[in-house]
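Peer 1: Got a structure for you, written out below as structure tokens; questions coming shortly.
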Amino acid sequence: MKKRTRWLLGGVAFGAGAISAAFAYRKRNNVQLEKKSDKWARPGMPVTFRAELMPGRDRDQRTFVVKELLSSGRVSLQGADGEHVEREFEPIQLDRPVT
């Protein structure tokens with residue numbers, strides 16, 4: 001390989017590394033700027049347990065209202081004991097009518 005070709009390939013590799021590092025740095029900063037008020041649930045919001053956790057019950061029987069959002073990201077529900085995390089519930093569907 002000629003010396004000029006090695007210089008060219010080395011420059012391309014260096015440039016690609018610099019670009020990928022810049023994008024990684026930018027992505028990390030965007031994650032840190034995420035708002036703390038952007039939570040998955042709000043008080044008064046209806047949430048539905050996944051069917052695997054409550055087999056044999058209809059959606060209406062698995063739906064509860066959020067009473068309180070705790071600092072750990074868990075929620076307490078009206079009519080259900082304990083603290084619950086986001087993965088216990090079905091994904092929020094904004095097109096579904098609120099009951």
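Ordering of the structure tokens sets the chain letters (A, B, ...); residue numbers start at 1 within each chain; ligands are numbered from 1 in the order shown.
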Write down as a PyMOL selection string the residues belonging to chain A that are assigned helix (DSSP H, G or I) by DSSP computed on the backbone.
Peer 2: chain A and resi 3-32+59-62+86-88
Peer 1: With C-alpha atoms retained, could you export that selection as a compact mmCIF listing (two decimals), in the first residue's frame?
Peer 2:
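Contents of again-v8.txt, as written:
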```
# COMPACT_ATOMS: atom_id res chain seq x y z
CA LYS A 3 2.13 5.98 1.76
CA ARG A 4 -0.45 8.37 0.36
CA THR A 5 -3.21 5.69 0.57
CA ARG A 6 -2.33 4.96 4.20
CA TRP A 7 -2.56 8.65 5.04
CA LEU A 8 -5.95 8.88 3.35
CA LEU A 9 -7.35 5.81 5.11
CA GLY A 10 -5.95 7.00 8.44
CA GLY A 11 -7.62 10.38 7.98
CA VAL A 12 -10.96 8.77 7.11
CA ALA A 13 -10.77 6.52 10.17
CA PHE A 14 -9.86 9.45 12.41
CA GLY A 15 -12.72 11.53 11.02
CA ALA A 16 -15.24 8.71 11.49
CA GLY A 17 -14.13 8.26 15.10
CA ALA A 18 -14.44 11.98 15.79
CA ILE A 19 -17.94 12.12 14.31
CA SER A 20 -19.14 9.10 16.30
CA ALA A 21 -17.69 10.55 19.52
CA ALA A 22 -19.47 13.84 18.88
CA PHE A 23 -22.81 12.07 18.38
CA ALA A 24 -22.31 9.97 21.53
CA TYR A 25 -21.55 13.09 23.56
CA ARG A 26 -24.59 14.86 22.15
CA LYS A 27 -26.86 11.88 22.91
CA ARG A 28 -25.60 11.70 26.50
CA ASN A 29 -26.36 15.39 27.03
CA ASN A 30 -29.90 14.96 25.70
CA VAL A 31 -30.56 12.17 28.20
CA GLN A 32 -29.38 14.37 31.06
CA ARG A 59 -60.33 -4.80 31.66
CA ASP A 60 -62.76 -2.86 33.86
CA GLN A 61 -61.88 -5.04 36.84
CA ARG A 62 -58.15 -4.53 36.19
CA GLU A 86 -44.82 0.87 35.42
CA ARG A 87 -44.08 -2.60 34.01
CA GLU A 88 -47.07 -4.09 35.89
```
Peer 1: Once DSSP has gone over the backbone, tell me which residues of chain A are in strand (DSSP E), as an MDAnalysis selection string.
Peer 2: chainID A and resid 46:48 63:69 75:78 80:84
Peer 1: Hey, which of A:Ser71, A:Thr63, A:Gln78, A:Glu83 ends up closest to Ala51 (chain A)? Count only C-alpha atoms.
Peer 2: A:Thr63
Peer 1: Out of A:Gly79, A:Ile92, A:Val85, A:Glu52, which residue has the shortest atom-to-atom distance to Phe64 (chain A) when counting only C-alpha atoms?
Peer 2: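 Looking only at the distances to Phe64 (chain A), the closest residue turns out to be A:Gly79.
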Peer 1: For Gly44 (chain A), work out the shell of residues within 9 Å, counting only C-alpha atoms and skipping chain neighbours fewer than 6 positions away, then give it as a list in words.
Peer 2: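 Within the cut-off, the hits are Val65, Val66, Lys67 and Glu68 of chain A.
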Peer 1: Any chance you can output those residues with C-alpha atoms as a tab-separated table (two decimals), in the first residue's frame?
Peer 2:
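Dumped everything to again11.tsv:
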```
chain	number	residue	atom	x	y	z
A	65	VAL	CA	-56.99	5.22	39.37
A	66	VAL	CA	-53.60	6.57	40.45
A	67	LYS	CA	-53.86	8.06	43.94
A	68	GLU	CA	-50.27	9.17	44.45
```
Peer 1: Which value, in Å to one decimal, gives the distance between CA of Glu90 (chain A) and CA of Met45 (chain A)?
Peer 2: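 Computing the Euclidean distance for CA of Glu90 (chain A) and CA of Met45 (chain A) yields 13.2 Å.
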Peer 1: CA of Phe89 (chain A) and CA of Arg50 (chain A), how far apart in Å?
Peer 2: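 For CA of Arg50 (chain A) relative to CA of Phe89 (chain A), the distance reads 5.0 Å.
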